[in-house]
Amino acid sequence: MPHDTTAQPDAPRTGSRHRSPGRLLGYVATYLVLLVAVLLTLGPFAVSVMTALTSTRQFAQQGPLSIPAPPVLDNVVELLTTPDGFLTPVVVTVQMVAVILVGQMVFSVLAAYAFALLRFPGRDLLFWVYVATLMVPQVVVVVPLYLMLSEVGLRNTFWALVIPFVLGSPYAIFLLRENFRGVPGELIDAMRVDGAGTLRLLWSLVVPLNRPIIVTLVLITVVTHWNSFMWPMVITSGPEWRVITVATASLQSQYNNNWTLVMAGTTLAVLPLVILMIVFQKQITGSVGETLR
């Protein structure tokens with residue numbers, strides 16, 4: 001008896017049909033959570049920018065959530081032009097961050113290279129003892145540092161802001177050491193055969209191969225010390241060496257709850273960091289990928 005060769009329709013895939021609504025619900029829930037996270041993260045910055053661009057009259061009449069109509073720069077101009085405004089704190093903060101950044105990058109790279117690729121007695125012990133200082137909260141060392149710098153006459157000076165941080169960072173040295181150890185030994189041996197010394201080997205091979213992680217450490221250093229508040233507040237007094245975080249904290253009392261000026265100061269304090277993150281986002285992403293591999 002001949003077999004019926006007519007093609008039979010495929011049976012419906014009931015499993016995938018039943019999974020589709022659940023999968024769709026999961027996507028919706030995921031995006032809702034992400035949306036809430038975005039609102040909670042970016043909402044304060046959006047309100048800060050809107051208020052900074054709002055005139056004092058409009059803010060008093062319509063409140064903090066009103067859209068500037070039209071946007072004005074009067075608050076920013078006033079902050080930057082008044083004698084007790086933001087110009088001096090911005091200059092001091094930029095100088096402080098620049099000196100700390102150069103010092104930390106130079107000394108951290110040199111120390112990480114020594115701990116990773118050089119051999120000397122007690123290398124590993126010294127490294128782990130130094131890294132263990134990451135366990136010590138900063139607030140614990142504030143009083144000893146204050147007493148030390150006060151005794152040598154450096155209180156309320158520029159050098160008091162930078163000396164405790166300029167000679168390297170345990171976190172940076174740890175991260176750089178782990179990345180430097182991944183440099184292929186064949187490349188190092190080849191350069192040594194060609195007559196390369198330690199410094200040439202470092203700057204011509206090790207640093208270029210680890211550029212993404214170095215760029216990320218640069219950004220971390222800038223953000224950390226741009227946002228530094230406790231130490232500058234303790235070691236300095238008066239407007240001469242006031243940094244931007246201390247100046248921002250004093251705006252509320254200085255301008256008698258003039259929130260448009262306070263938000264203008266907050267926006268000015270955050271804006272450079274936002275620009276840095278936008279400009280260097282590819283390097284940050286690349287360094288994270290290298291670290292996770």
# chains A, B, ... in the order shown; residues from 1 in each chain; ligands from 1

call {"tool": "closest_atom_pairs", "arguments": {"of": "region 179-269 of chain A", "to": "region 113-122 of chain A", "cutoff": "8 Å", "atoms": "only C-alpha atoms", "output": "CSV"}}
result
residue,atom,partner,partner_atom,distance
A:Phe180,CA,A:Ala116,CA,6.1
A:Arg181,CA,A:Ala116,CA,5.5
A:Leu202,CA,A:Tyr113,CA,7.4

call {"tool": "write_last_selection", "arguments": {"atoms": "all heavy atoms", "output": "PDB file, in the first residue's frame"}}
result
ATOM      1  N   PHE A 180      50.793  44.839  34.283  1.00  0.00           N
ATOM      2  CA  PHE A 180      52.171  44.767  33.811  1.00  0.00           C
ATOM      3  C   PHE A 180      52.679  43.330  33.790  1.00  0.00           C
ATOM      4  O   PHE A 180      53.506  42.976  32.941  1.00  0.00           O
ATOM      5  CB  PHE A 180      53.080  45.616  34.706  1.00  0.00           C
ATOM      6  CG  PHE A 180      52.910  47.098  34.512  1.00  0.00           C
ATOM      7  CD1 PHE A 180      53.629  48.007  35.283  1.00  0.00           C
ATOM      8  CD2 PHE A 180      52.022  47.603  33.574  1.00  0.00           C
ATOM      9  CE1 PHE A 180      53.479  49.367  35.103  1.00  0.00           C
ATOM     10  CE2 PHE A 180      51.854  48.973  33.388  1.00  0.00           C
ATOM     11  CZ  PHE A 180      52.588  49.843  34.164  1.00  0.00           C
ATOM     12  N   ARG A 181      52.189  42.510  34.700  1.00  0.00           N
ATOM     13  CA  ARG A 181      52.626  41.110  34.731  1.00  0.00           C
ATOM     14  C   ARG A 181      52.142  40.328  33.521  1.00  0.00           C
ATOM     15  O   ARG A 181      52.647  39.251  33.230  1.00  0.00           O
ATOM     16  CB  ARG A 181      52.122  40.448  36.020  1.00  0.00           C
ATOM     17  CG  ARG A 181      52.759  41.010  37.272  1.00  0.00           C
ATOM     18  CD  ARG A 181      52.173  40.415  38.538  1.00  0.00           C
ATOM     19  NE  ARG A 181      52.525  39.010  38.670  1.00  0.00           N
ATOM     20  CZ  ARG A 181      52.112  38.239  39.680  1.00  0.00           C
ATOM     21  NH1 ARG A 181      51.323  38.762  40.615  1.00  0.00           N
ATOM     22  NH2 ARG A 181      52.465  36.983  39.742  1.00  0.00           N
ATOM     23  N   LEU A 202      60.234  50.358  29.966  1.00  0.00           N
ATOM     24  CA  LEU A 202      58.985  50.783  30.591  1.00  0.00           C
ATOM     25  C   LEU A 202      58.188  51.695  29.672  1.00  0.00           C
ATOM     26  O   LEU A 202      57.001  51.453  29.405  1.00  0.00           O
ATOM     27  CB  LEU A 202      59.297  51.492  31.906  1.00  0.00           C
ATOM     28  CG  LEU A 202      58.120  52.142  32.637  1.00  0.00           C
ATOM     29  CD1 LEU A 202      57.097  51.098  33.052  1.00  0.00           C
ATOM     30  CD2 LEU A 202      58.613  52.920  33.848  1.00  0.00           C
TER      31      LEU A 202
END

call {"tool": "atom_distance", "arguments": {"atom1": "CA of Val262 (chain A)", "atom2": "CA of Trp241 (chain A)"}}
result
20.0 Å

call {"tool": "select_by_dssp", "arguments": {"residues": "region 141-244 of chain A", "states": "helix (DSSP H, G or I)", "output": "MDAnalysis selection string"}}
result
chainID A and resid 141:151 158:165 170:180 185:193 198:209 211:226 230:235 244

call {"tool": "closest_residue", "arguments": {"among": "A:Gly22, A:Pro208, A:Pro68, A:Pro137", "to": "Val109 (chain A)", "atoms": "only C-alpha atoms"}}
result
A:Pro208

call {"tool": "residues_around", "arguments": {"residues": "region 252-254 of chain A", "least_positions_apart": "5", "cutoff": "12 Å", "atoms": "only C-alpha atoms", "output": "count of residues only"}}
result
13

call {"tool": "closest_residue", "arguments": {"among": "A:Ala112, A:Leu53, A:Val97, A:Ile163", "to": "Leu175 (chain A)", "atoms": "only C-alpha atoms"}}
result
A:Ala112

call {"tool": "closest_residue", "arguments": {"among": "A:Asn179, A:Asn210, A:Thr133, A:Thr216", "to": "Gln281 (chain A)", "atoms": "only C-alpha atoms"}}
result
A:Thr216

call {"tool": "closest_residue", "arguments": {"among": "A:Asn227, A:Thr82, A:Ser55, A:Ser48", "to": "Pro70 (chain A)", "atoms": "only C-alpha atoms"}}
result
A:Ser55

call {"tool": "residues_around", "arguments": {"residues": "Val270 (chain A)", "least_positions_apart": "3", "cutoff": "12 Å", "atoms": "only C-alpha atoms", "output": "JSON list (two decimals) with all heavy atoms, in the first residue's frame"}}
result
[["chain", "number", "residue", "atom", "x", "y", "z"],
["A", 44, "PRO", "N", 18.74, 64.15, 39.49],
["A", 44, "PRO", "CA", 19.31, 65.28, 40.23],
["A", 44, "PRO", "C", 20.17, 66.19, 39.36],
["A", 44, "PRO", "O", 20.16, 67.41, 39.53],
["A", 44, "PRO", "CB", 20.16, 64.58, 41.31],
["A", 44, "PRO", "CG", 19.51, 63.24, 41.48],
["A", 44, "PRO", "CD", 19.02, 62.85, 40.12],
["A", 45, "PHE", "N", 20.93, 65.60, 38.42],
["A", 45, "PHE", "CA", 21.76, 66.44, 37.55],
["A", 45, "PHE", "C", 20.89, 67.28, 36.63],
["A", 45, "PHE", "O", 21.21, 68.45, 36.37],
["A", 45, "PHE", "CB", 22.70, 65.56, 36.73],
["A", 45, "PHE", "CG", 23.67, 64.77, 37.57],
["A", 45, "PHE", "CD1", 23.54, 63.41, 37.70],
["A", 45, "PHE", "CD2", 24.70, 65.41, 38.24],
["A", 45, "PHE", "CE1", 24.42, 62.68, 38.48],
["A", 45, "PHE", "CE2", 25.59, 64.69, 39.02],
["A", 45, "PHE", "CZ", 25.46, 63.33, 39.15],
["A", 46, "ALA", "N", 19.81, 66.68, 36.13],
["A", 46, "ALA", "CA", 18.91, 67.44, 35.25],
["A", 46, "ALA", "C", 18.28, 68.60, 36.00],
["A", 46, "ALA", "O", 18.19, 69.73, 35.49],
["A", 46, "ALA", "CB", 17.84, 66.52, 34.68],
["A", 48, "SER", "N", 19.52, 70.09, 38.62],
["A", 48, "SER", "CA", 20.58, 71.05, 38.89],
["A", 48, "SER", "C", 20.83, 71.96, 37.70],
["A", 48, "SER", "O", 20.93, 73.19, 37.84],
["A", 48, "SER", "CB", 21.87, 70.32, 39.28],
["A", 48, "SER", "OG", 22.94, 71.21, 39.45],
["A", 49, "VAL", "N", 20.92, 71.38, 36.50],
["A", 49, "VAL", "CA", 21.17, 72.18, 35.30],
["A", 49, "VAL", "C", 19.99, 73.10, 35.00],
["A", 49, "VAL", "O", 20.16, 74.28, 34.68],
["A", 49, "VAL", "CB", 21.46, 71.25, 34.10],
["A", 49, "VAL", "CG1", 21.56, 72.05, 32.81],
["A", 49, "VAL", "CG2", 22.74, 70.46, 34.33],
["A", 90, "VAL", "N", 37.99, 77.13, 41.54],
["A", 90, "VAL", "CA", 38.22, 76.36, 40.32],
["A", 90, "VAL", "C", 39.71, 76.33, 39.99],
["A", 90, "VAL", "O", 40.27, 75.27, 39.66],
["A", 90, "VAL", "CB", 37.41, 76.95, 39.15],
["A", 90, "VAL", "CG1", 37.86, 76.35, 37.83],
["A", 90, "VAL", "CG2", 35.92, 76.71, 39.36],
["A", 223, "VAL", "N", 38.76, 62.31, 39.05],
["A", 223, "VAL", "CA", 37.44, 62.34, 39.69],
["A", 223, "VAL", "C", 37.58, 62.30, 41.21],
["A", 223, "VAL", "O", 36.91, 63.05, 41.94],
["A", 223, "VAL", "CB", 36.58, 61.17, 39.19],
["A", 223, "VAL", "CG1", 35.29, 61.07, 40.00],
["A", 223, "VAL", "CG2", 36.25, 61.34, 37.72],
["A", 226, "TRP", "N", 39.17, 65.68, 42.40],
["A", 226, "TRP", "CA", 38.27, 66.80, 42.12],
["A", 226, "TRP", "C", 37.13, 66.83, 43.14],
["A", 226, "TRP", "O", 36.67, 67.90, 43.55],
["A", 226, "TRP", "CB", 37.72, 66.68, 40.70],
["A", 226, "TRP", "CG", 36.87, 67.83, 40.26],
["A", 226, "TRP", "CD1", 35.52, 68.00, 40.48],
["A", 226, "TRP", "CD2", 37.29, 69.00, 39.55],
["A", 226, "TRP", "NE1", 35.08, 69.17, 39.94],
["A", 226, "TRP", "CE2", 36.14, 69.82, 39.37],
["A", 226, "TRP", "CE3", 38.51, 69.43, 39.03],
["A", 226, "TRP", "CZ2", 36.20, 71.03, 38.69],
["A", 226, "TRP", "CZ3", 38.57, 70.64, 38.37],
["A", 226, "TRP", "CH2", 37.42, 71.42, 38.20],
["A", 227, "ASN", "N", 36.69, 65.64, 43.56],
["A", 227, "ASN", "CA", 35.59, 65.54, 44.52],
["A", 227, "ASN", "C", 36.07, 65.49, 45.97],
["A", 227, "ASN", "O", 35.24, 65.30, 46.87],
["A", 227, "ASN", "CB", 34.75, 64.29, 44.24],
["A", 227, "ASN", "CG", 33.99, 64.40, 42.94],
["A", 227, "ASN", "OD1", 33.59, 65.49, 42.53],
["A", 227, "ASN", "ND2", 33.78, 63.27, 42.27],
["A", 244, "ILE", "N", 36.90, 73.45, 45.14],
["A", 244, "ILE", "CA", 35.56, 73.62, 44.60],
["A", 244, "ILE", "C", 34.50, 72.90, 45.42],
["A", 244, "ILE", "O", 33.36, 73.37, 45.52],
["A", 244, "ILE", "CB", 35.53, 73.17, 43.12],
["A", 244, "ILE", "CG1", 34.29, 73.73, 42.43],
["A", 244, "ILE", "CG2", 35.60, 71.66, 43.00],
["A", 244, "ILE", "CD1", 34.34, 73.60, 40.93],
["A", 245, "THR", "N", 34.85, 71.77, 46.03],
["A", 245, "THR", "CA", 33.85, 71.06, 46.85],
["A", 245, "THR", "C", 33.52, 71.84, 48.11],
["A", 245, "THR", "O", 32.35, 71.93, 48.51],
["A", 245, "THR", "CB", 34.38, 69.67, 47.22],
["A", 245, "THR", "OG1", 35.70, 69.80, 47.78],
["A", 245, "THR", "CG2", 34.45, 68.77, 46.00],
["A", 248, "THR", "N", 31.41, 74.79, 47.11],
["A", 248, "THR", "CA", 30.03, 74.38, 46.83],
["A", 248, "THR", "C", 29.24, 74.17, 48.12],
["A", 248, "THR", "O", 28.07, 74.55, 48.22],
["A", 248, "THR", "CB", 30.02, 73.10, 45.99],
["A", 248, "THR", "OG1", 30.78, 73.30, 44.80],
["A", 248, "THR", "CG2", 28.61, 72.70, 45.61],
["A", 263, "MET", "N", 22.64, 75.89, 42.67],
["A", 263, "MET", "CA", 22.63, 74.89, 41.61],
["A", 263, "MET", "C", 23.59, 75.24, 40.48],
["A", 263, "MET", "O", 24.15, 74.36, 39.83],
["A", 263, "MET", "CB", 21.21, 74.76, 41.05],
["A", 263, "MET", "CG", 20.21, 74.13, 42.01],
["A", 263, "MET", "SD", 20.64, 72.42, 42.48],
["A", 263, "MET", "CE", 21.35, 72.70, 44.12],
["A", 264, "ALA", "N", 23.83, 76.54, 40.26],
["A", 264, "ALA", "CA", 24.84, 76.93, 39.29],
["A", 264, "ALA", "C", 26.23, 76.47, 39.74],
["A", 264, "ALA", "O", 27.03, 75.98, 38.94],
["A", 264, "ALA", "CB", 24.81, 78.44, 39.08],
["A", 265, "GLY", "N", 26.51, 76.61, 41.03],
["A", 265, "GLY", "CA", 27.78, 76.12, 41.56],
["A", 265, "GLY", "C", 27.91, 74.62, 41.46],
["A", 265, "GLY", "O", 28.96, 74.08, 41.10],
["A", 266, "THR", "N", 26.83, 73.90, 41.77],
["A", 266, "THR", "CA", 26.84, 72.44, 41.65],
["A", 266, "THR", "C", 27.07, 72.01, 40.20],
["A", 266, "THR", "O", 27.84, 71.08, 39.93],
["A", 266, "THR", "CB", 25.51, 71.87, 42.17],
["A", 266, "THR", "OG1", 25.30, 72.30, 43.51],
["A", 266, "THR", "CG2", 25.53, 70.36, 42.12],
["A", 267, "THR", "N", 26.43, 72.69, 39.28],
["A", 267, "THR", "CA", 26.60, 72.35, 37.86],
["A", 267, "THR", "C", 28.03, 72.60, 37.41],
["A", 267, "THR", "O", 28.62, 71.78, 36.69],
["A", 267, "THR", "CB", 25.62, 73.16, 37.01],
["A", 267, "THR", "OG1", 24.28, 72.90, 37.45],
["A", 267, "THR", "CG2", 25.75, 72.79, 35.54],
["A", 273, "LEU", "N", 33.77, 66.89, 35.02],
["A", 273, "LEU", "CA", 33.82, 65.42, 35.13],
["A", 273, "LEU", "C", 32.94, 64.77, 34.08],
["A", 273, "LEU", "O", 33.30, 63.73, 33.50],
["A", 273, "LEU", "CB", 33.38, 65.00, 36.53],
["A", 273, "LEU", "CG", 34.17, 65.62, 37.69],
["A", 273, "LEU", "CD1", 33.67, 65.06, 39.01],
["A", 273, "LEU", "CD2", 35.66, 65.35, 37.54],
["A", 274, "VAL", "N", 31.78, 65.35, 33.81],
["A", 274, "VAL", "CA", 30.90, 64.81, 32.77],
["A", 274, "VAL", "C", 31.58, 64.87, 31.41],
["A", 274, "VAL", "O", 31.53, 63.92, 30.62],
["A", 274, "VAL", "CB", 29.56, 65.57, 32.76],
["A", 274, "VAL", "CG1", 28.69, 65.12, 31.60],
["A", 274, "VAL", "CG2", 28.82, 65.38, 34.08],
["A", 275, "ILE", "N", 32.24, 65.98, 31.14],
["A", 275, "ILE", "CA", 32.94, 66.13, 29.86],
["A", 275, "ILE", "C", 34.05, 65.10, 29.74],
["A", 275, "ILE", "O", 34.25, 64.48, 28.67],
["A", 275, "ILE", "CB", 33.49, 67.55, 29.72],
["A", 275, "ILE", "CG1", 32.34, 68.56, 29.64],
["A", 275, "ILE", "CG2", 34.39, 67.68, 28.49],
["A", 275, "ILE", "CD1", 32.79, 70.01, 29.64],
["A", 276, "LEU", "N", 34.80, 64.87, 30.81],
["A", 276, "LEU", "CA", 35.86, 63.87, 30.78],
["A", 276, "LEU", "C", 35.31, 62.49, 30.48],
["A", 276, "LEU", "O", 35.88, 61.73, 29.68],
["A", 276, "LEU", "CB", 36.60, 63.86, 32.13],
["A", 276, "LEU", "CG", 37.70, 64.90, 32.34],
["A", 276, "LEU", "CD1", 38.27, 64.74, 33.74],
["A", 276, "LEU", "CD2", 38.79, 64.74, 31.29],
["A", 277, "MET", "N", 34.22, 62.13, 31.13],
["A", 277, "MET", "CA", 33.64, 60.80, 30.91],
["A", 277, "MET", "C", 33.15, 60.64, 29.47],
["A", 277, "MET", "O", 33.27, 59.57, 28.88],
["A", 277, "MET", "CB", 32.50, 60.57, 31.90],
["A", 277, "MET", "CG", 32.96, 60.41, 33.33],
["A", 277, "MET", "SD", 34.12, 59.03, 33.53],
["A", 277, "MET", "CE", 34.62, 59.28, 35.23]]

call {"tool": "closest_residue", "arguments": {"among": "A:Met105, A:Ala29, A:Leu251, A:Leu199", "to": "Ala172 (chain A)", "atoms": "only C-alpha atoms"}}
result
A:Met105
